[in-house]
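K.L.:
One structure follows; several queries about it will come next.
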Amino acid sequence: MTGKRLAALGTCVVATWVAACGQDQKREAAPLPAARAIVKGGCSFVYGGAGKPQLLIADSSAFQGQFTDHGVQDAQALKLVLAQHHWRAGDYRIGLEICDETTARSDFSDPAKCRSNARAFARSRAVIAVVGPHFSSCTAEMLPILNRARGGAIPLLGASATYLGLTRAGPGTAAHEPRKYYPTGVRNYVRVVPADDVQGAAAAIYVKRKGATQAFALIDGEPYGEGLAEAFATTAKQIGMAVVGTSRWSPQAREYRGLARRVKRSGADVVFLGGYVFENAPRLIRDLRVALPNAQLIGPDGMNQPATVVEGAGDAAENFLATIAVMPAAALPPSGQRFAEQFRRRYSQYPCCYSVNSAQSAMMVLDALARSGPDRARIINWLRHAQVKGGLTGDFVFDRFGDTSLTRMAVYRIKQAKSRFETTVSPPPSLLTWR
């Protein structure tokens with residue numbers, strides 16, 4: 001490929017796009033009718049610009065259950081980015097459609113709701129891209145529908161969904177993944193957050209640095225937990241740790257004393273919990289801590305809900321570790337720090353969760369639209385070949401699967417009932433052998 005061009009992304013990010021035949025693919029603004037808001041339960045329409053919007057960015061996130069704070073901050077980040085761009089991308093006026101993927105019955109996303117939201121997005125000629133969903137399971141429901149949308153596959157930018165099978169085969173993935181998510185053959189998904197192979201590897205590297213030698217992996221039975229536990233175990237073996245056992249825990253169990261005794265007999269000095277906090281993880285942590293008072297307990301981003309862990313596990317939560325691809329404001333690159341400060345001034349708190357990733361995704365959509373015009377295929381092509389420099393989360397490109405080249409993971413430890421940032425870990429490519 002030839003003909004690289006530079007394009008400004010917001011005020012701080014530069015993207016390089018490999019354009020066919022070296023030609024600038026920007027199209028003249030075409031007259032577009034006003035976009036119609038998506039009228040359905042759980043969705044809300046936001047626009048703060050002049051006139052009426054012509055195109056929509058859709059946001060799918062969690063607005064009920066234990067991850068509500070994630071959804072709220074994602075929406076706030078998207079609104080801030082759009083406001084900073086005066087609700088425009090080049091010559092086009094852009095509105096925001098915010099949709100909930102959860103229900104009051106569960107902390108998980110609801111599969112039926114995810115499919116319903118995706119069908120609503122696919123029916124709208126105005127939806128130019130989707131940011132989200134929050135959960136990988138919801139992404140799996142949405143992707144095939146968005147891929148077959150009339151008018152072309154709708155670009156989907158993953159800011160928090162980390163399940164590996166959405167983009168490629170590897171640890172814990174199922175048969176026919178990821179092919180089944182792209183029925184038209186068009187890869188319309190790019191992910192700005194590192195996938196679970198990176199997260200599992202980072203957890204293993206960190207506990208090895210802290211002196212762990214014998215690892216046990218527990219799994220909640222969900223694909224998310226399966227993939228993470230396998231990635232953790234694979235890396236642990238590669239870096240010289242012994243994997244002394246793996247087992248599932250039942251989220252419906254009343255207690256885990258028998259399982260904890262089994263882990264103790266294995267001789268494990270570190271236990272990885274592959275799963276979600278709302279799968280009865282606080283009770284599991286309590287019983288493990290009684291049986292293994294000196295072992296290190298560590299979980300992934302699905303466990304990074306310190307208030308829930310502390311409330312359910314009590315004193316046993318002390319020193320529990322969790323990884324997540326979310327840095328505190330002070331650990332972000334300069335452009336990320338500036339955005340974090342702008343977020344704080346607008347919303348009276350620093351961004352948490354995956355909101356900075358959501359903001360990065362929105363910036364990329366706006367830049368792609370300004371350069372490519374409202375053509376979904378061109379936008380997908382632009383996104384997949386983007387080279388982001390000075391981004392909110394760092395410099396990165398997307399590989400041939402649509403995954404970010406970033407591998408930086410943060411580690412947080414619960415100390416005195418509060419989550420404390422400890423360090424970051426960036427697994428080297430040599431340990432990501434399935435890439």
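Lettering and numbering for the structure tokens are positional, with chains as A, B, ... in the shown order, residues counted from 1 in each chain, and ligands counted from 1 in the shown order.
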As a ChimeraX atom specification, please: the residues near stretch 339-342 of chain A (cut-off 8 Å, only C-alpha atoms, same-chain neighbours under 2 positions excluded).
P.N.:
/A:329,335-337,344-346,350-351,356,392
K.L.:
Just want the 6 Å neighbourhood of stretch 158-173 of chain A, counted on only C-alpha atoms, with same-chain residues fewer than 5 positions away dropped. Output as JSON, numbers by chain.
P.N.:
{"A": [132, 134, 135, 136, 178, 191, 192, 193, 195, 196, 224, 226, 227, 230, 231, 357, 358, 401, 434]}
K.L.:
Tell me which protein, DNA and RNA residues are within 9 Å of A:Trp249, counting only C-alpha atoms, leaving out same-chain ones fewer than 4 positions away, and put them as a list in words.
P.N.:
Leu218, Ile219, Asp220, Gly221, Ala253, Tyr256, Leu259 and Leu284 of chain A
K.L.:
Mind listing the alpha helix (DSSP H) residues of stretch 171-337 of chain A, per DSSP on the backbone, as a ChimeraX atom specification?
P.N.:
/A:196-209,223-238,257-265,281-291,306-313,334-337
